[in-house]
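Below is run08.pdb, holding PDB, C-alpha atoms.
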```pdb
ATOM      1  CA  MET A 509     -38.152  18.326  45.105  1.00  0.00           C
ATOM      2  CA  ARG A 510     -37.713  14.612  45.523  1.00  0.00           C
ATOM      3  CA  ASP A 511     -34.565  13.146  46.970  1.00  0.00           C
ATOM      4  CA  PRO A 512     -32.744  11.302  44.148  1.00  0.00           C
ATOM      5  CA  ALA A 513     -32.349   8.327  46.485  1.00  0.00           C
ATOM      6  CA  GLU A 514     -36.115   7.955  46.520  1.00  0.00           C
ATOM      7  CA  LEU A 515     -36.321   7.656  42.752  1.00  0.00           C
ATOM      8  CA  PRO A 516     -36.760   4.211  41.220  1.00  0.00           C
ATOM      9  CA  PRO A 517     -33.425   2.582  40.248  1.00  0.00           C
ATOM     10  CA  GLN A 518     -34.224   2.848  36.522  1.00  0.00           C
ATOM     11  CA  ASN A 519     -34.779   6.613  36.738  1.00  0.00           C
ATOM     12  CA  ARG A 520     -31.565   7.134  38.688  1.00  0.00           C
ATOM     13  CA  SER A 521     -29.664   5.060  36.161  1.00  0.00           C
ATOM     14  CA  LEU A 522     -31.186   7.001  33.322  1.00  0.00           C
ATOM     15  CA  THR A 523     -29.990  10.250  34.901  1.00  0.00           C
ATOM     16  CA  ALA A 524     -26.492   8.828  35.188  1.00  0.00           C
ATOM     17  CA  ILE A 525     -26.553   7.654  31.579  1.00  0.00           C
ATOM     18  CA  VAL A 526     -27.766  11.018  30.277  1.00  0.00           C
ATOM     19  CA  GLY A 527     -25.088  12.784  32.345  1.00  0.00           C
ATOM     20  CA  ALA A 528     -22.379  10.527  30.951  1.00  0.00           C
ATOM     21  CA  MET A 529     -23.631  11.060  27.409  1.00  0.00           C
ATOM     22  CA  SER A 530     -23.635  14.828  27.862  1.00  0.00           C
ATOM     23  CA  LEU A 531     -20.054  14.671  29.073  1.00  0.00           C
ATOM     24  CA  ILE A 532     -19.083  12.573  26.048  1.00  0.00           C
ATOM     25  CA  ALA A 533     -20.736  15.146  23.762  1.00  0.00           C
ATOM     26  CA  VAL A 534     -18.721  17.974  25.346  1.00  0.00           C
ATOM     27  CA  LEU A 535     -15.511  15.938  25.053  1.00  0.00           C
ATOM     28  CA  LEU A 536     -16.279  15.272  21.387  1.00  0.00           C
ATOM     29  CA  ILE A 537     -16.654  18.987  20.689  1.00  0.00           C
ATOM     30  CA  VAL A 538     -13.254  19.596  22.282  1.00  0.00           C
ATOM     31  CA  GLN A 539     -11.792  16.732  20.229  1.00  0.00           C
ATOM     32  CA  VAL A 540     -13.212  18.133  16.972  1.00  0.00           C
ATOM     33  CA  TRP A 541     -11.620  21.488  17.762  1.00  0.00           C
ATOM     34  CA  LEU A 542      -8.328  19.770  18.630  1.00  0.00           C
ATOM     35  CA  LEU A 543      -8.291  17.822  15.361  1.00  0.00           C
ATOM     36  CA  SER A 544      -9.079  20.873  13.226  1.00  0.00           C
ATOM     37  CA  ALA A 545      -6.474  22.993  15.047  1.00  0.00           C
ATOM     38  CA  THR A 546      -3.804  20.311  14.626  1.00  0.00           C
ATOM     39  CA  LEU A 547      -4.674  19.907  10.938  1.00  0.00           C
ATOM     40  CA  GLU A 548      -4.534  23.653  10.339  1.00  0.00           C
ATOM     41  CA  SER A 549      -1.189  23.827  12.068  1.00  0.00           C
ATOM     42  CA  PHE A 550       0.140  20.929   9.990  1.00  0.00           C
ATOM     43  CA  LEU A 551      -1.053  22.531   6.754  1.00  0.00           C
ATOM     44  CA  LYS A 552       0.767  25.696   7.772  1.00  0.00           C
ATOM     45  CA  GLY A 553       3.945  23.643   7.841  1.00  0.00           C
ATOM     46  CA  ASN A 554       4.217  23.463  11.624  1.00  0.00           C
ATOM     47  CA  THR A 555       4.852  19.828  12.560  1.00  0.00           C
ATOM     48  CA  ARG A 556       5.485  20.386  16.278  1.00  0.00           C
ATOM     49  CA  THR A 557       1.817  20.414  17.265  1.00  0.00           C
ATOM     50  CA  ALA A 558       1.172  16.842  16.113  1.00  0.00           C
ATOM     51  CA  ILE A 559       2.494  15.112  19.264  1.00  0.00           C
ATOM     52  CA  PRO A 560       0.487  17.179  21.809  1.00  0.00           C
ATOM     53  CA  GLY A 561      -2.528  16.765  19.519  1.00  0.00           C
ATOM     54  CA  VAL A 562      -2.250  12.980  19.601  1.00  0.00           C
ATOM     55  CA  ILE A 563      -1.686  12.910  23.373  1.00  0.00           C
ATOM     56  CA  PHE A 564      -4.730  15.026  24.217  1.00  0.00           C
ATOM     57  CA  SER A 565      -6.911  13.356  21.610  1.00  0.00           C
ATOM     58  CA  GLY A 566      -5.922   9.976  23.051  1.00  0.00           C
ATOM     59  CA  LEU A 567      -6.765  11.132  26.563  1.00  0.00           C
ATOM     60  CA  ILE A 568     -10.170  12.327  25.412  1.00  0.00           C
ATOM     61  CA  PHE A 569     -10.798   9.010  23.661  1.00  0.00           C
ATOM     62  CA  ILE A 570      -9.852   7.084  26.818  1.00  0.00           C
ATOM     63  CA  LEU A 571     -12.232   9.266  28.841  1.00  0.00           C
ATOM     64  CA  CYS A 572     -15.027   8.636  26.335  1.00  0.00           C
ATOM     65  CA  LEU A 573     -14.310   4.915  26.418  1.00  0.00           C
ATOM     66  CA  GLY A 574     -14.435   4.942  30.224  1.00  0.00           C
ATOM     67  CA  LEU A 575     -17.762   6.746  30.156  1.00  0.00           C
ATOM     68  CA  TYR A 576     -19.093   4.249  27.625  1.00  0.00           C
ATOM     69  CA  LEU A 577     -18.074   1.357  29.873  1.00  0.00           C
ATOM     70  CA  PHE A 578     -19.802   3.127  32.744  1.00  0.00           C
ATOM     71  CA  VAL A 579     -22.987   3.509  30.690  1.00  0.00           C
ATOM     72  CA  ASP A 580     -22.768  -0.102  29.607  1.00  0.00           C
ATOM     73  CA  ARG A 581     -22.342  -1.311  33.172  1.00  0.00           C
ATOM     74  CA  VAL A 582     -25.204   0.801  34.535  1.00  0.00           C
ATOM     75  CA  ASP A 583     -27.392  -0.392  31.692  1.00  0.00           C
ATOM     76  CA  SER A 584     -26.560  -4.030  32.423  1.00  0.00           C
ATOM     77  CA  ASP A 585     -27.298  -3.547  36.117  1.00  0.00           C
ATOM     78  CA  VAL A 586     -30.676  -2.016  35.379  1.00  0.00           C
ATOM     79  CA  ARG A 587     -31.528  -4.826  33.003  1.00  0.00           C
ATOM     80  CA  SER A 588     -30.607  -7.525  35.457  1.00  0.00           C
ATOM     81  CA  VAL A 589     -32.686  -5.848  38.213  1.00  0.00           C
ATOM     82  CA  ALA A 590     -35.603  -5.454  35.815  1.00  0.00           C
ATOM     83  CA  ASN A 591     -35.347  -9.082  34.693  1.00  0.00           C
ATOM     84  CA  LYS A 592     -35.301 -10.335  38.287  1.00  0.00           C
ATOM     85  CA  GLY A 593     -38.240  -8.130  39.191  1.00  0.00           C
TER      86      GLY A 593
ATOM     87  CA  MET B1211     -15.924  -5.494  25.674  1.00  0.00           C
ATOM     88  CA  ASN B1212     -17.863  -8.554  26.780  1.00  0.00           C
ATOM     89  CA  TRP B1213     -15.138  -9.480  29.270  1.00  0.00           C
ATOM     90  CA  LEU B1214     -15.838  -6.260  31.185  1.00  0.00           C
ATOM     91  CA  ARG B1215     -19.518  -7.014  31.489  1.00  0.00           C
ATOM     92  CA  ARG B1216     -21.241  -9.335  33.841  1.00  0.00           C
ATOM     93  CA  ALA B1217     -21.924 -12.735  32.362  1.00  0.00           C
ATOM     94  CA  SER B1218     -25.455 -12.954  31.123  1.00  0.00           C
ATOM     95  CA  SER B1219     -27.382 -16.048  30.211  1.00  0.00           C
ATOM     96  CA  GLU B1220     -29.386 -14.078  27.649  1.00  0.00           C
ATOM     97  CA  PRO B1221     -28.388 -14.450  23.987  1.00  0.00           C
ATOM     98  CA  LEU B1222     -26.708 -11.412  22.453  1.00  0.00           C
ATOM     99  CA  TRP B1223     -29.571 -10.569  20.122  1.00  0.00           C
ATOM    100  CA  LYS B1224     -31.923 -10.443  23.078  1.00  0.00           C
ATOM    101  CA  ASP B1225     -29.512  -8.184  24.912  1.00  0.00           C
ATOM    102  CA  GLU B1226     -29.210  -5.770  21.984  1.00  0.00           C
ATOM    103  CA  PHE B1227     -32.862  -5.864  20.908  1.00  0.00           C
ATOM    104  CA  SER B1228     -34.737  -5.876  24.123  1.00  0.00           C
ATOM    105  CA  ILE B1229     -38.259  -7.156  24.069  1.00  0.00           C
ATOM    106  CA  HIS B1230     -39.210  -5.018  27.065  1.00  0.00           C
ATOM    107  CA  THR B1231     -40.722  -1.725  25.932  1.00  0.00           C
ATOM    108  CA  ALA B1232     -39.447   0.017  29.053  1.00  0.00           C
ATOM    109  CA  ASP B1233     -35.885  -0.969  28.174  1.00  0.00           C
ATOM    110  CA  GLU B1234     -35.928   0.442  24.658  1.00  0.00           C
ATOM    111  CA  LYS B1235     -34.728   3.865  25.729  1.00  0.00           C
ATOM    112  CA  TYR B1236     -31.699   2.260  27.356  1.00  0.00           C
ATOM    113  CA  VAL B1237     -30.823   0.372  24.198  1.00  0.00           C
ATOM    114  CA  THR B1238     -31.091   3.523  22.084  1.00  0.00           C
ATOM    115  CA  ARG B1239     -28.947   5.554  24.440  1.00  0.00           C
ATOM    116  CA  ARG B1240     -26.347   2.829  24.705  1.00  0.00           C
ATOM    117  CA  GLN B1241     -26.127   2.550  20.941  1.00  0.00           C
ATOM    118  CA  LEU B1242     -25.780   6.319  20.610  1.00  0.00           C
ATOM    119  CA  THR B1243     -23.038   6.285  23.244  1.00  0.00           C
ATOM    120  CA  LYS B1244     -21.259   3.556  21.304  1.00  0.00           C
ATOM    121  CA  PHE B1245     -21.508   5.648  18.139  1.00  0.00           C
ATOM    122  CA  LEU B1246     -20.128   8.728  19.927  1.00  0.00           C
ATOM    123  CA  VAL B1247     -17.181   6.749  21.269  1.00  0.00           C
ATOM    124  CA  LEU B1248     -16.472   5.369  17.787  1.00  0.00           C
ATOM    125  CA  THR B1249     -16.519   8.966  16.505  1.00  0.00           C
ATOM    126  CA  SER B1250     -14.000   9.858  19.187  1.00  0.00           C
ATOM    127  CA  LEU B1251     -11.857   6.909  18.066  1.00  0.00           C
ATOM    128  CA  GLY B1252     -12.068   8.177  14.475  1.00  0.00           C
ATOM    129  CA  MET B1253     -10.813  11.600  15.490  1.00  0.00           C
ATOM    130  CA  PHE B1254      -8.021  10.037  17.530  1.00  0.00           C
ATOM    131  CA  VAL B1255      -7.001   8.043  14.448  1.00  0.00           C
ATOM    132  CA  GLY B1256      -7.081  11.320  12.490  1.00  0.00           C
ATOM    133  CA  ASN B1257      -4.652  12.884  14.945  1.00  0.00           C
ATOM    134  CA  ILE B1258      -2.396   9.821  14.653  1.00  0.00           C
ATOM    135  CA  TRP B1259      -2.484  10.190  10.857  1.00  0.00           C
ATOM    136  CA  ILE B1260      -1.375  13.828  11.184  1.00  0.00           C
ATOM    137  CA  LEU B1261       1.455  12.727  13.495  1.00  0.00           C
ATOM    138  CA  ILE B1262       2.608  10.095  10.987  1.00  0.00           C
ATOM    139  CA  ARG B1263       2.512  12.650   8.172  1.00  0.00           C
ATOM    140  CA  SER B1264       4.480  15.081  10.367  1.00  0.00           C
ATOM    141  CA  VAL B1265       7.164  12.509  11.136  1.00  0.00           C
ATOM    142  CA  PHE B1266       7.684  11.664   7.476  1.00  0.00           C
ATOM    143  CA  TYR B1267       7.278  15.236   6.271  1.00  0.00           C
ATOM    144  CA  ARG B1268      10.013  16.426   3.928  1.00  0.00           C
ATOM    145  CA  SER B1269      10.124  19.901   2.478  1.00  0.00           C
ATOM    146  CA  PRO B1270       9.442  19.632  -1.243  1.00  0.00           C
ATOM    147  CA  GLN B1271      12.201  20.673  -3.612  1.00  0.00           C
ATOM    148  CA  TYR B1272      11.279  23.184  -6.282  1.00  0.00           C
ATOM    149  CA  ALA B1273      13.039  23.798  -9.558  1.00  0.00           C
ATOM    150  CA  GLU B1274      14.111  27.324 -10.401  1.00  0.00           C
ATOM    151  CA  MET B1275      12.077  29.015 -13.112  1.00  0.00           C
ATOM    152  CA  GLU B1276      12.320  32.366 -14.870  1.00  0.00           C
ATOM    153  CA  VAL B1277       8.921  33.958 -14.491  1.00  0.00           C
ATOM    154  CA  ALA B1278       9.258  37.538 -15.736  1.00  0.00           C
ATOM    155  CA  LEU B1279      11.526  40.381 -16.694  1.00  0.00           C
ATOM    156  CA  ALA B1280      11.794  42.976 -13.965  1.00  0.00           C
ATOM    157  CA  SER B1281      11.194  45.780 -16.422  1.00  0.00           C
ATOM    158  CA  GLU B1282       7.940  44.390 -17.811  1.00  0.00           C
ATOM    159  CA  ILE B1283       5.955  45.043 -14.626  1.00  0.00           C
ATOM    160  CA  PRO B1284       5.150  48.672 -13.754  1.00  0.00           C
ATOM    161  CA  ILE B1285       5.178  49.836 -10.138  1.00  0.00           C
ATOM    162  CA  ASN B1286       1.925  48.707  -8.518  1.00  0.00           C
ATOM    163  CA  GLY B1287       1.487  46.383 -11.479  1.00  0.00           C
ATOM    164  CA  VAL B1288       0.711  42.690 -11.550  1.00  0.00           C
ATOM    165  CA  LYS B1289       1.843  39.646 -13.484  1.00  0.00           C
ATOM    166  CA  LEU B1290       0.278  36.209 -13.365  1.00  0.00           C
ATOM    167  CA  PHE B1291       2.358  33.083 -13.877  1.00  0.00           C
ATOM    168  CA  GLY B1292       2.402  29.372 -13.063  1.00  0.00           C
ATOM    169  CA  TYR B1293       4.810  27.941 -10.483  1.00  0.00           C
ATOM    170  CA  PRO B1294       5.993  25.255  -9.762  1.00  0.00           C
ATOM    171  CA  THR B1295       3.780  23.923 -12.561  1.00  0.00           C
ATOM    172  CA  GLU B1296       1.694  25.838 -15.070  1.00  0.00           C
ATOM    173  CA  LYS B1297      -1.463  24.746 -13.232  1.00  0.00           C
ATOM    174  CA  ASP B1298      -0.359  26.362  -9.952  1.00  0.00           C
ATOM    175  CA  ARG B1299      -1.368  29.916 -10.654  1.00  0.00           C
ATOM    176  CA  CYS B1300       0.567  32.662  -8.876  1.00  0.00           C
ATOM    177  CA  ILE B1301       0.354  36.429  -8.724  1.00  0.00           C
ATOM    178  CA  MET B1302       3.341  38.765  -8.689  1.00  0.00           C
ATOM    179  CA  VAL B1303       3.132  42.401  -7.591  1.00  0.00           C
ATOM    180  CA  ARG B1304       5.763  45.080  -7.956  1.00  0.00           C
ATOM    181  CA  THR B1305       5.211  47.077  -4.781  1.00  0.00           C
ATOM    182  CA  THR B1306       8.116  49.539  -5.105  1.00  0.00           C
ATOM    183  CA  ASP B1307      10.835  50.246  -7.593  1.00  0.00           C
ATOM    184  CA  ASN B1308      12.999  47.373  -6.369  1.00  0.00           C
ATOM    185  CA  GLN B1309      10.555  45.149  -4.527  1.00  0.00           C
ATOM    186  CA  TYR B1310       8.692  42.263  -6.141  1.00  0.00           C
ATOM    187  CA  VAL B1311       6.487  39.867  -4.205  1.00  0.00           C
ATOM    188  CA  ALA B1312       4.659  36.794  -5.434  1.00  0.00           C
ATOM    189  CA  TYR B1313       2.089  34.508  -3.865  1.00  0.00           C
ATOM    190  CA  SER B1314      -0.023  31.544  -4.805  1.00  0.00           C
ATOM    191  CA  GLN B1315      -3.219  32.865  -6.307  1.00  0.00           C
ATOM    192  CA  LYS B1316      -5.350  30.286  -4.497  1.00  0.00           C
ATOM    193  CA  CYS B1317      -7.171  31.675  -1.480  1.00  0.00           C
ATOM    194  CA  THR B1318      -6.486  29.484   1.557  1.00  0.00           C
ATOM    195  CA  HIS B1319     -10.181  29.497   2.383  1.00  0.00           C
ATOM    196  CA  LEU B1320     -11.882  27.843  -0.592  1.00  0.00           C
ATOM    197  CA  SER B1321      -9.281  28.209  -3.348  1.00  0.00           C
ATOM    198  CA  CYS B1322     -10.852  31.122  -5.232  1.00  0.00           C
ATOM    199  CA  ALA B1323      -8.358  33.186  -7.228  1.00  0.00           C
ATOM    200  CA  VAL B1324      -7.170  36.291  -5.365  1.00  0.00           C
ATOM    201  CA  TYR B1325      -6.469  39.532  -7.204  1.00  0.00           C
ATOM    202  CA  TYR B1326      -4.465  42.647  -6.350  1.00  0.00           C
ATOM    203  CA  SER B1327      -6.423  45.721  -5.327  1.00  0.00           C
ATOM    204  CA  GLN B1328      -4.369  48.740  -6.370  1.00  0.00           C
ATOM    205  CA  GLU B1329      -6.624  51.089  -4.390  1.00  0.00           C
ATOM    206  CA  ASN B1330      -6.253  49.263  -1.113  1.00  0.00           C
ATOM    207  CA  LYS B1331      -2.803  47.811  -1.792  1.00  0.00           C
ATOM    208  CA  ARG B1332      -3.775  44.315  -0.703  1.00  0.00           C
ATOM    209  CA  LEU B1333      -4.686  40.975  -2.211  1.00  0.00           C
ATOM    210  CA  GLU B1334      -8.409  40.313  -2.150  1.00  0.00           C
ATOM    211  CA  CYS B1335     -10.506  37.221  -2.574  1.00  0.00           C
ATOM    212  CA  PRO B1336     -13.811  38.104  -4.262  1.00  0.00           C
ATOM    213  CA  CYS B1337     -15.673  35.028  -3.013  1.00  0.00           C
ATOM    214  CA  HIS B1338     -15.858  35.720   0.727  1.00  0.00           C
ATOM    215  CA  GLU B1339     -13.973  38.982   1.076  1.00  0.00           C
ATOM    216  CA  GLY B1340     -10.800  37.526   2.481  1.00  0.00           C
ATOM    217  CA  PHE B1341      -8.016  40.095   2.365  1.00  0.00           C
ATOM    218  CA  PHE B1342      -4.279  39.408   2.471  1.00  0.00           C
ATOM    219  CA  SER B1343      -1.345  41.715   3.078  1.00  0.00           C
ATOM    220  CA  VAL B1344       0.684  42.303  -0.053  1.00  0.00           C
ATOM    221  CA  GLU B1345       3.810  42.658   2.100  1.00  0.00           C
ATOM    222  CA  ASP B1346       3.874  39.160   3.560  1.00  0.00           C
ATOM    223  CA  GLY B1347       0.670  37.393   2.491  1.00  0.00           C
ATOM    224  CA  SER B1348      -0.791  37.354   5.997  1.00  0.00           C
ATOM    225  CA  VAL B1349      -4.553  37.386   6.508  1.00  0.00           C
ATOM    226  CA  LEU B1350      -5.932  40.875   7.136  1.00  0.00           C
ATOM    227  CA  GLN B1351      -9.605  40.061   7.190  1.00  0.00           C
ATOM    228  CA  GLY B1352     -12.125  37.374   6.441  1.00  0.00           C
ATOM    229  CA  PRO B1353     -12.380  33.606   6.682  1.00  0.00           C
ATOM    230  CA  PRO B1354      -9.019  32.419   5.252  1.00  0.00           C
ATOM    231  CA  PRO B1355      -7.329  30.368   7.972  1.00  0.00           C
ATOM    232  CA  ARG B1356      -3.768  30.694   6.688  1.00  0.00           C
ATOM    233  CA  PRO B1357      -1.553  33.213   4.890  1.00  0.00           C
ATOM    234  CA  LEU B1358      -1.011  32.803   1.156  1.00  0.00           C
ATOM    235  CA  PRO B1359       1.959  30.588   0.258  1.00  0.00           C
ATOM    236  CA  LYS B1360       4.789  32.906  -0.760  1.00  0.00           C
ATOM    237  CA  ILE B1361       6.814  32.361  -3.905  1.00  0.00           C
ATOM    238  CA  GLU B1362      10.481  33.101  -3.272  1.00  0.00           C
ATOM    239  CA  LEU B1363      11.908  35.356  -5.959  1.00  0.00           C
ATOM    240  CA  GLU B1364      15.405  36.378  -6.948  1.00  0.00           C
ATOM    241  CA  ASN B1365      16.258  39.237  -9.266  1.00  0.00           C
ATOM    242  CA  ARG B1366      19.120  38.015 -11.454  1.00  0.00           C
ATOM    243  CA  ALA B1367      20.277  40.806 -13.715  1.00  0.00           C
ATOM    244  CA  GLY B1368      16.796  41.985 -14.478  1.00  0.00           C
ATOM    245  CA  VAL B1369      15.257  38.529 -14.703  1.00  0.00           C
ATOM    246  CA  LEU B1370      12.927  37.444 -11.911  1.00  0.00           C
ATOM    247  CA  VAL B1371      13.489  33.814 -10.996  1.00  0.00           C
ATOM    248  CA  ALA B1372      11.193  31.793  -8.756  1.00  0.00           C
ATOM    249  CA  THR B1373      13.242  29.570  -6.480  1.00  0.00           C
ATOM    250  CA  GLY B1374      10.724  28.025  -4.104  1.00  0.00           C
ATOM    251  CA  VAL B1375       7.441  28.142  -2.262  1.00  0.00           C
ATOM    252  CA  ARG B1376       7.229  29.006   1.399  1.00  0.00           C
ATOM    253  CA  GLU B1377       4.037  28.003   3.193  1.00  0.00           C
ATOM    254  CA  GLY B1378       2.666  30.711   5.438  1.00  0.00           C
TER     255      GLY B1378
END
```

Represent the structure of the file as structure tokens.
Amino acid sequence: MRDPAELPPQNRSLTAIVGAMSLIAVLLIVQVWLLSATLESFLKGNTRTAIPGVIFSGLIFILCLGLYLFVDRVDSDVRSVANKG
Amino acid sequence: MNWLRRASSEPLWKDEFSIHTADEKYVTRRQLTKFLVLTSLGMFVGNIWILIRSVFYRSPQYAEMEVALASEIPINGVKLFGYPTEKDRCIMVRTTDNQYVAYSQKCTHLSCAVYYSQENKRLECPCHEGFFSVEDGSVLQGPPPRPLPKIELENRAGVLVATGVREG
């Protein structure tokens, strides 16, 4: 198996991007569950779950945003290297 | 988010629609990532909407309404009525000599009308076989996510009066 350090920069970046996207997908699944659970609870007449729901949903969104910025940055780096080359 | 990115001399359209074939996969993935993050934002906004609704939530007030005479329903018998409006169909069951229970007839799964099974002594939804306890309206089996809303009843000198709706 090849050492990842030996891979071309584009391939390494692609691996990082795919990893970040997979993580975002997992976080989205958790967020969908969180939203549906909070909605069910609210429809039952329980209003106490709304605040924890917003807090955790916000945290997940911030994580997703951070991962997007990471993907964007890696993508820009690869482009600039490719353009110089 | 341009302020977080390195300054580029390339025009934006060239950045978004790369002319290099090798870069196309990066553009596609970046756009998908952007879409996923926007989806996450949408769900976050949904949670905020639930919070706002929770903060301003007030229990609805229901008018009292005579729905039946106690003597007109036999033991293990059923009466259908509308409460709080005629369109909100409800089902009342006389479970024992002195006990009357009433629930919204709408299944909490997909709003099919539930009926009372005298054999099994439970409320059943014929659409997806969701079963509810006749004692408290809780879900016994099937896909319904919530108990049936319970209609609060009072027996006033032989007249059954609905006084409110309690969500399960």

Could you please determine the separation between atom CA of Gly1352 of chain B and atom CA of Glu1339 of chain B in Å, to one decimal place?
5.9 Å

Around all the atoms of segment 580-589 of chain A listed in the file, draw an axis-aligned box and extend it by 3 Å on each of the six sides; I want its centre and edge lengths in Å to one decimal, as lines of an AutoDock Vina configuration file.
```
center_x = -27.5
center_y = -3.4
center_z = 33.9
size_x = 16.3
size_y = 14.3
size_z = 14.6
```

For the file shown, report as a tab-separated table (two decimals) with C-alpha atoms, in the coordinates of the input the outcome of the PyMOL selection byres ((chain A) within 6 of (chain B)) at residue level.
```tsv
chain	number	residue	atom	x	y	z
A	552	LYS	CA	0.77	25.70	7.77
A	555	THR	CA	4.85	19.83	12.56
A	558	ALA	CA	1.17	16.84	16.11
A	562	VAL	CA	-2.25	12.98	19.60
A	565	SER	CA	-6.91	13.36	21.61
A	566	GLY	CA	-5.92	9.98	23.05
A	569	PHE	CA	-10.80	9.01	23.66
A	572	CYS	CA	-15.03	8.64	26.34
```

Would you kindly identify which residues have an atom no farther than 8 Å from (4.6, 30.4, -10.7), using all atoms listed in the file and the file's own coordinates, and write them out as a list in words?
Met1275, Val1277, Leu1290, Phe1291, Gly1292, Tyr1293, Pro1294, Thr1295, Glu1296, Asp1298, Arg1299, Cys1300, Ile1301, Ser1314, Ile1361 and Ala1372 of chain B

Nearby residues (only C-alpha atoms) at most 12 Å from Gln1309 of chain B, same-chain spacing under 2 positions excluded, as a PyMOL selection string:
chain B and resi 1280-1281+1283-1287+1302-1307+1311-1312+1344-1345+1363-1365+1370

Mind pulling up the distance from atom CA of Cys1337 of chain B to atom CA of Tyr1310 of chain B?
25.6 Å

Residues matched by the PyMOL selection byres ((chain A and resi 525-532) around 8), written as a PyMOL selection string:
(chain A and resi 521-524+533-536+572+575-576+579+582) or (chain B and resi 1239+1243+1246-1247)

Quick one: write out the picked residues with C-alpha atoms as a JSON list (two decimals), in the coordinates of the input?
```json
[["chain", "number", "residue", "atom", "x", "y", "z"],
["A", 521, "SER", "CA", -29.66, 5.06, 36.16],
["A", 522, "LEU", "CA", -31.19, 7.00, 33.32],
["A", 523, "THR", "CA", -29.99, 10.25, 34.90],
["A", 524, "ALA", "CA", -26.49, 8.83, 35.19],
["A", 533, "ALA", "CA", -20.74, 15.15, 23.76],
["A", 534, "VAL", "CA", -18.72, 17.97, 25.35],
["A", 535, "LEU", "CA", -15.51, 15.94, 25.05],
["A", 536, "LEU", "CA", -16.28, 15.27, 21.39],
["A", 572, "CYS", "CA", -15.03, 8.64, 26.34],
["A", 575, "LEU", "CA", -17.76, 6.75, 30.16],
["A", 576, "TYR", "CA", -19.09, 4.25, 27.62],
["A", 579, "VAL", "CA", -22.99, 3.51, 30.69],
["A", 582, "VAL", "CA", -25.20, 0.80, 34.53],
["B", 1239, "ARG", "CA", -28.95, 5.55, 24.44],
["B", 1243, "THR", "CA", -23.04, 6.28, 23.24],
["B", 1246, "LEU", "CA", -20.13, 8.73, 19.93],
["B", 1247, "VAL", "CA", -17.18, 6.75, 21.27]]
```

Please indicate the distance in Å from atom CA of Arg556 of chain A to atom CA of Pro1353 of chain B, rounded to one decimal place.
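One can read the atom CA of Arg556 of chain A to atom CA of Pro1353 of chain B distance as 24.2 Å.
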
Using all atoms listed in the file, the shortest atom-to-atom distance to Leu1320 of chain B among B:Gly1340, B:Val1375, B:Glu1274, B:Lys1289 belongs to B:Gly1340

Give me segment 1319-1331 of chain B with N, CA and C atoms filled in, as a PDB file, in the frame of the given file.
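Result saved to out28.pdb:
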```pdb
ATOM      1  N   HIS B1319      -8.859  29.848   1.860  1.00  0.00           N
ATOM      2  CA  HIS B1319     -10.181  29.497   2.383  1.00  0.00           C
ATOM      3  C   HIS B1319     -10.811  28.422   1.508  1.00  0.00           C
ATOM      4  N   LEU B1320     -11.238  28.810   0.295  1.00  0.00           N
ATOM      5  CA  LEU B1320     -11.882  27.843  -0.592  1.00  0.00           C
ATOM      6  C   LEU B1320     -11.301  27.874  -2.004  1.00  0.00           C
ATOM      7  N   SER B1321     -10.055  28.296  -2.098  1.00  0.00           N
ATOM      8  CA  SER B1321      -9.281  28.209  -3.348  1.00  0.00           C
ATOM      9  C   SER B1321      -9.774  29.105  -4.485  1.00  0.00           C
ATOM     10  N   CYS B1322     -10.520  30.154  -4.186  1.00  0.00           N
ATOM     11  CA  CYS B1322     -10.852  31.122  -5.232  1.00  0.00           C
ATOM     12  C   CYS B1322      -9.567  31.876  -5.597  1.00  0.00           C
ATOM     13  N   ALA B1323      -9.552  32.449  -6.795  1.00  0.00           N
ATOM     14  CA  ALA B1323      -8.358  33.186  -7.228  1.00  0.00           C
ATOM     15  C   ALA B1323      -8.357  34.585  -6.607  1.00  0.00           C
ATOM     16  N   VAL B1324      -7.270  34.950  -5.947  1.00  0.00           N
ATOM     17  CA  VAL B1324      -7.170  36.291  -5.365  1.00  0.00           C
ATOM     18  C   VAL B1324      -6.664  37.260  -6.434  1.00  0.00           C
ATOM     19  N   TYR B1325      -6.966  38.504  -6.283  1.00  0.00           N
ATOM     20  CA  TYR B1325      -6.469  39.532  -7.204  1.00  0.00           C
ATOM     21  C   TYR B1325      -5.891  40.680  -6.378  1.00  0.00           C
ATOM     22  N   TYR B1326      -5.102  41.538  -7.062  1.00  0.00           N
ATOM     23  CA  TYR B1326      -4.465  42.647  -6.350  1.00  0.00           C
ATOM     24  C   TYR B1326      -5.328  43.901  -6.475  1.00  0.00           C
ATOM     25  N   SER B1327      -5.664  44.482  -5.340  1.00  0.00           N
ATOM     26  CA  SER B1327      -6.423  45.721  -5.327  1.00  0.00           C
ATOM     27  C   SER B1327      -5.436  46.888  -5.249  1.00  0.00           C
ATOM     28  N   GLN B1328      -5.331  47.631  -6.348  1.00  0.00           N
ATOM     29  CA  GLN B1328      -4.369  48.740  -6.370  1.00  0.00           C
ATOM     30  C   GLN B1328      -4.801  49.866  -5.435  1.00  0.00           C
ATOM     31  N   GLU B1329      -6.114  50.034  -5.282  1.00  0.00           N
ATOM     32  CA  GLU B1329      -6.624  51.089  -4.390  1.00  0.00           C
ATOM     33  C   GLU B1329      -6.229  50.819  -2.942  1.00  0.00           C
ATOM     34  N   ASN B1330      -6.473  49.598  -2.524  1.00  0.00           N
ATOM     35  CA  ASN B1330      -6.253  49.263  -1.113  1.00  0.00           C
ATOM     36  C   ASN B1330      -4.879  48.662  -0.839  1.00  0.00           C
ATOM     37  N   LYS B1331      -4.142  48.410  -1.901  1.00  0.00           N
ATOM     38  CA  LYS B1331      -2.803  47.811  -1.792  1.00  0.00           C
ATOM     39  C   LYS B1331      -2.847  46.525  -0.939  1.00  0.00           C
TER      40      LYS B1331
END
```
